[in-house]
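Asker: Sharing a structure below in structure tokens format, with a few things to ask.
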Amino acid sequence: INLSGGGAVSPRPRFSAYGSAKAGVIRFTETLAAEVGDLGIDVNAIAPGAINTDMLDEVLGAGMAAGEPALQEARQQQQRGGSSPTRPAALAVYLASAQSDGLRGRLLSAIWDEWEKMDIDAIMASEVYTVRRLMPED
């Protein structure tokens with residue numbers, strides 16, 4: 001189980017290293033899942049949500065150097081208290097359990113995805129919860 005996040009799937013100005021690293025975690029997850037899937041090993045990534053961590057403190061400490069949008073978002077997150085780590089922890093337990101067997105190479109949002117209700121066969125027959133280049137026909 002790898003930790004990635006929303007920074008991997010959308011641009012975030014002034015956070016290029018962060019976004020690149022998070023995108024790399026997803027590609028690593030998808031590739032490793034393809035390599036070891038035949039061995040019955042499932043590899044997935046979690047996007048835990050906006051949890052108050054040291055990174056929030058660093059963004060707030062950077063002030064305007066983080067960029068106005070990031071700074072405003074960080075201030076709002078600090079005021080709201082951020083997401084609880086309980087749901088990401090529950091997703092990690094789910095992914096480590098037999099209940100998720102066969103689910104591999106996916107990025108799941110602990111906060112936004114209804115992972116408790118997933119039809120694993122249907123997901124694995126699609127590219128849902130992956131990071132892909134879209135074609136005009138898509």
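In the structure tokens, each chain is lettered A, B, ... as it comes, each chain's residues begin at 1, and ligands are numbered from 1 in order of appearance.
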Neighbouring residues of stretch 63-80 of chain A were defined as those with any atom within 12 Å, considering only C-alpha atoms; residues of the same chain fewer than 2 positions away were excluded. Please report them as JSON, numbers by chain.

Answerer: {"A": [7, 11, 12, 13, 14, 15, 16, 49, 50, 51, 52, 53, 54, 55, 56, 57, 58, 59, 60, 61, 82, 83, 84]}

Asker: Mind checking which residues fall within 9 Å of A:Arg27, counting only C-alpha atoms, ignoring those fewer than 5 positions away in the same chain, and posting them as number ranges by chain?

Answerer: A: 22, 32, 105, 131

Asker: Could those residues be written to a file, using N, CA and C atoms, as a PDB file, in the first residue's frame?

Answerer:
ATOM      1  N   LYS A  22       4.418  12.434  -6.382  1.00  0.00           N
ATOM      2  CA  LYS A  22       3.147  11.729  -6.165  1.00  0.00           C
ATOM      3  C   LYS A  22       2.715  10.979  -7.420  1.00  0.00           C
ATOM      4  N   LEU A  32       4.244  -2.023 -10.456  1.00  0.00           N
ATOM      5  CA  LEU A  32       4.521  -3.107  -9.514  1.00  0.00           C
ATOM      6  C   LEU A  32       3.332  -4.054  -9.427  1.00  0.00           C
ATOM      7  N   GLY A 105      -3.293  -2.089  -8.600  1.00  0.00           N
ATOM      8  CA  GLY A 105      -2.868  -1.035  -9.511  1.00  0.00           C
ATOM      9  C   GLY A 105      -3.779   0.169  -9.546  1.00  0.00           C
ATOM     10  N   VAL A 131      -4.553   6.419 -13.534  1.00  0.00           N
ATOM     11  CA  VAL A 131      -4.174   7.701 -14.112  1.00  0.00           C
ATOM     12  C   VAL A 131      -3.794   7.420 -15.561  1.00  0.00           C
TER      13      VAL A 131
END

Asker: Any chance you could list, as number ranges by chain, the residues in chain A that come up alpha helix (DSSP H) when DSSP is run on the backbone?

Answerer: A: 16-36, 54-62, 68-80, 86-96, 120-124

Asker: Excluding same-chain residues fewer than 2 positions from A:Pro48, what lies within 8 Å of it counting only C-alpha atoms, as a PyMOL selection string?

Answerer: chain A and resi 3-5+46+50-51+85+87-88+109-111

Asker: Expressed in Å to a single decimal, how great is the separation between atom CA of A:Ala34 and atom CA of A:Thr86?

Answerer: 29.1 Å

Asker: What gap, in Å, lies between atom CA of A:Leu91 and atom CA of A:Leu134?

Answerer: 27.4 Å

Asker: For A:Ile41, which residue among A:Gly6, A:Thr130, A:Ser97, A:Leu108 is the nearest when counting only C-alpha atoms?

Answerer: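 Residue with the minimum atom-to-atom distance to A:Ile41: A:Ser97.
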
Asker: Quick one, how far is atom CA of A:Val93 from atom CA of A:Ala21?

Answerer: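 Computing it gives 24.1 Å between the two atoms.
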
Asker: Excluding A:Met124 and any residue of its chain fewer than 2 positions from it, enumerate the residues within 10 Å of it, using only C-alpha atoms, and give them as a ChimeraX atom specification.

Answerer: /A:102-106,119-122,126-129

Asker: Write the selection just made, keeping all heavy atoms, as an mmCIF file, in the first residue's frame?

Answerer:
data_model
loop_
_atom_site.group_PDB
_atom_site.id
_atom_site.type_symbol
_atom_site.label_atom_id
_atom_site.label_comp_id
_atom_site.auth_asym_id
_atom_site.auth_seq_id
_atom_site.Cartn_x
_atom_site.Cartn_y
_atom_site.Cartn_z
ATOM 1 N N GLY A 102 -7.654 -9.061 -5.275
ATOM 2 C CA GLY A 102 -7.850 -8.898 -6.708
ATOM 3 C C GLY A 102 -7.866 -7.456 -7.169
ATOM 4 O O GLY A 102 -7.749 -7.172 -8.357
ATOM 5 N N LEU A 103 -8.002 -6.518 -6.252
ATOM 6 C CA LEU A 103 -7.958 -5.101 -6.591
ATOM 7 C C LEU A 103 -6.496 -4.695 -6.619
ATOM 8 O O LEU A 103 -5.803 -4.789 -5.607
ATOM 9 C CB LEU A 103 -8.730 -4.272 -5.555
ATOM 10 C CG LEU A 103 -8.796 -2.773 -5.791
ATOM 11 C CD1 LEU A 103 -9.561 -2.466 -7.077
ATOM 12 C CD2 LEU A 103 -9.435 -2.076 -4.611
ATOM 13 N N ARG A 104 -6.025 -4.280 -7.789
ATOM 14 C CA ARG A 104 -4.597 -3.959 -7.876
ATOM 15 C C ARG A 104 -4.340 -2.858 -8.894
ATOM 16 O O ARG A 104 -5.063 -2.703 -9.862
ATOM 17 C CB ARG A 104 -3.765 -5.191 -8.195
ATOM 18 C CG ARG A 104 -4.042 -5.871 -9.493
ATOM 19 C CD ARG A 104 -3.137 -7.089 -9.729
ATOM 20 N NE ARG A 104 -3.285 -8.104 -8.731
ATOM 21 C CZ ARG A 104 -3.959 -9.239 -8.884
ATOM 22 N NH1 ARG A 104 -4.549 -9.495 -10.017
ATOM 23 N NH2 ARG A 104 -4.043 -10.113 -7.913
ATOM 24 N N GLY A 105 -3.293 -2.089 -8.600
ATOM 25 C CA GLY A 105 -2.868 -1.035 -9.511
ATOM 26 C C GLY A 105 -3.779 0.169 -9.546
ATOM 27 O O GLY A 105 -3.862 0.857 -10.554
ATOM 28 N N ARG A 106 -4.443 0.455 -8.450
ATOM 29 C CA ARG A 106 -5.412 1.545 -8.423
ATOM 30 C C ARG A 106 -5.023 2.610 -7.389
ATOM 31 O O ARG A 106 -4.362 2.325 -6.396
ATOM 32 C CB ARG A 106 -6.814 1.023 -8.079
ATOM 33 C CG ARG A 106 -7.380 0.021 -9.080
ATOM 34 C CD ARG A 106 -7.404 0.630 -10.474
ATOM 35 N NE ARG A 106 -8.193 -0.103 -11.446
ATOM 36 C CZ ARG A 106 -7.699 -0.966 -12.321
ATOM 37 N NH1 ARG A 106 -6.416 -1.261 -12.319
ATOM 38 N NH2 ARG A 106 -8.483 -1.543 -13.207
ATOM 39 N N ASP A 119 -17.249 -2.932 -6.618
ATOM 40 C CA ASP A 119 -17.343 -4.186 -7.364
ATOM 41 C C ASP A 119 -15.968 -4.393 -7.987
ATOM 42 O O ASP A 119 -15.654 -3.833 -9.045
ATOM 43 C CB ASP A 119 -18.432 -4.083 -8.434
ATOM 44 C CG ASP A 119 -18.564 -5.334 -9.277
ATOM 45 O OD1 ASP A 119 -17.628 -6.166 -9.294
ATOM 46 O OD2 ASP A 119 -19.593 -5.468 -9.949
ATOM 47 N N ILE A 120 -15.124 -5.159 -7.331
ATOM 48 C CA ILE A 120 -13.730 -5.301 -7.734
ATOM 49 C C ILE A 120 -13.606 -5.840 -9.155
ATOM 50 O O ILE A 120 -12.785 -5.357 -9.942
ATOM 51 C CB ILE A 120 -12.954 -6.168 -6.719
ATOM 52 C CG1 ILE A 120 -12.862 -5.397 -5.392
ATOM 53 C CG2 ILE A 120 -11.575 -6.534 -7.240
ATOM 54 C CD1 ILE A 120 -12.277 -6.172 -4.241
ATOM 55 N N ASP A 121 -14.420 -6.819 -9.529
ATOM 56 C CA ASP A 121 -14.337 -7.370 -10.888
ATOM 57 C C ASP A 121 -14.637 -6.299 -11.927
ATOM 58 O O ASP A 121 -13.952 -6.208 -12.950
ATOM 59 C CB ASP A 121 -15.290 -8.554 -11.053
ATOM 60 C CG ASP A 121 -14.863 -9.761 -10.238
ATOM 61 O OD1 ASP A 121 -13.652 -9.905 -9.959
ATOM 62 O OD2 ASP A 121 -15.744 -10.575 -9.884
ATOM 63 N N ALA A 122 -15.653 -5.484 -11.687
ATOM 64 C CA ALA A 122 -16.001 -4.416 -12.633
ATOM 65 C C ALA A 122 -14.887 -3.375 -12.711
ATOM 66 O O ALA A 122 -14.565 -2.887 -13.804
ATOM 67 C CB ALA A 122 -17.317 -3.760 -12.227
ATOM 68 N N SER A 126 -11.922 -2.372 -16.088
ATOM 69 C CA SER A 126 -11.926 -1.006 -16.610
ATOM 70 C C SER A 126 -10.614 -0.323 -16.217
ATOM 71 O O SER A 126 -9.737 -0.947 -15.633
ATOM 72 C CB SER A 126 -13.106 -0.237 -16.020
ATOM 73 O OG SER A 126 -12.866 0.052 -14.654
ATOM 74 N N GLU A 127 -10.532 0.943 -16.536
ATOM 75 C CA GLU A 127 -9.383 1.746 -16.101
ATOM 76 C C GLU A 127 -9.783 2.733 -15.014
ATOM 77 O O GLU A 127 -9.092 3.721 -14.770
ATOM 78 C CB GLU A 127 -8.744 2.452 -17.296
ATOM 79 C CG GLU A 127 -8.070 1.454 -18.224
ATOM 80 C CD GLU A 127 -7.156 2.108 -19.235
ATOM 81 O OE1 GLU A 127 -7.500 3.179 -19.771
ATOM 82 O OE2 GLU A 127 -6.079 1.545 -19.473
ATOM 83 N N VAL A 128 -10.900 2.437 -14.344
ATOM 84 C CA VAL A 128 -11.358 3.284 -13.250
ATOM 85 C C VAL A 128 -10.306 3.269 -12.139
ATOM 86 O O VAL A 128 -9.689 2.240 -11.866
ATOM 87 C CB VAL A 128 -12.725 2.778 -12.722
ATOM 88 C CG1 VAL A 128 -13.151 3.528 -11.473
ATOM 89 C CG2 VAL A 128 -13.776 2.910 -13.803
ATOM 90 N N TYR A 129 -10.105 4.416 -11.519
ATOM 91 C CA TYR A 129 -9.151 4.619 -10.430
ATOM 92 C C TYR A 129 -7.700 4.452 -10.872
ATOM 93 O O TYR A 129 -6.832 4.063 -10.092
ATOM 94 C CB TYR A 129 -9.450 3.712 -9.225
ATOM 95 C CG TYR A 129 -10.851 3.866 -8.714
ATOM 96 C CD1 TYR A 129 -11.754 2.814 -8.785
ATOM 97 C CD2 TYR A 129 -11.293 5.064 -8.176
ATOM 98 C CE1 TYR A 129 -13.061 2.951 -8.330
ATOM 99 C CE2 TYR A 129 -12.594 5.209 -7.726
ATOM 100 C CZ TYR A 129 -13.466 4.149 -7.803
ATOM 101 O OH TYR A 129 -14.760 4.296 -7.352
#

Asker: If you run DSSP on the backbone, which residues of stretch 29-129 of chain A are strand (DSSP E), as a PyMOL selection string?

Answerer: chain A and resi 45-47+107-109
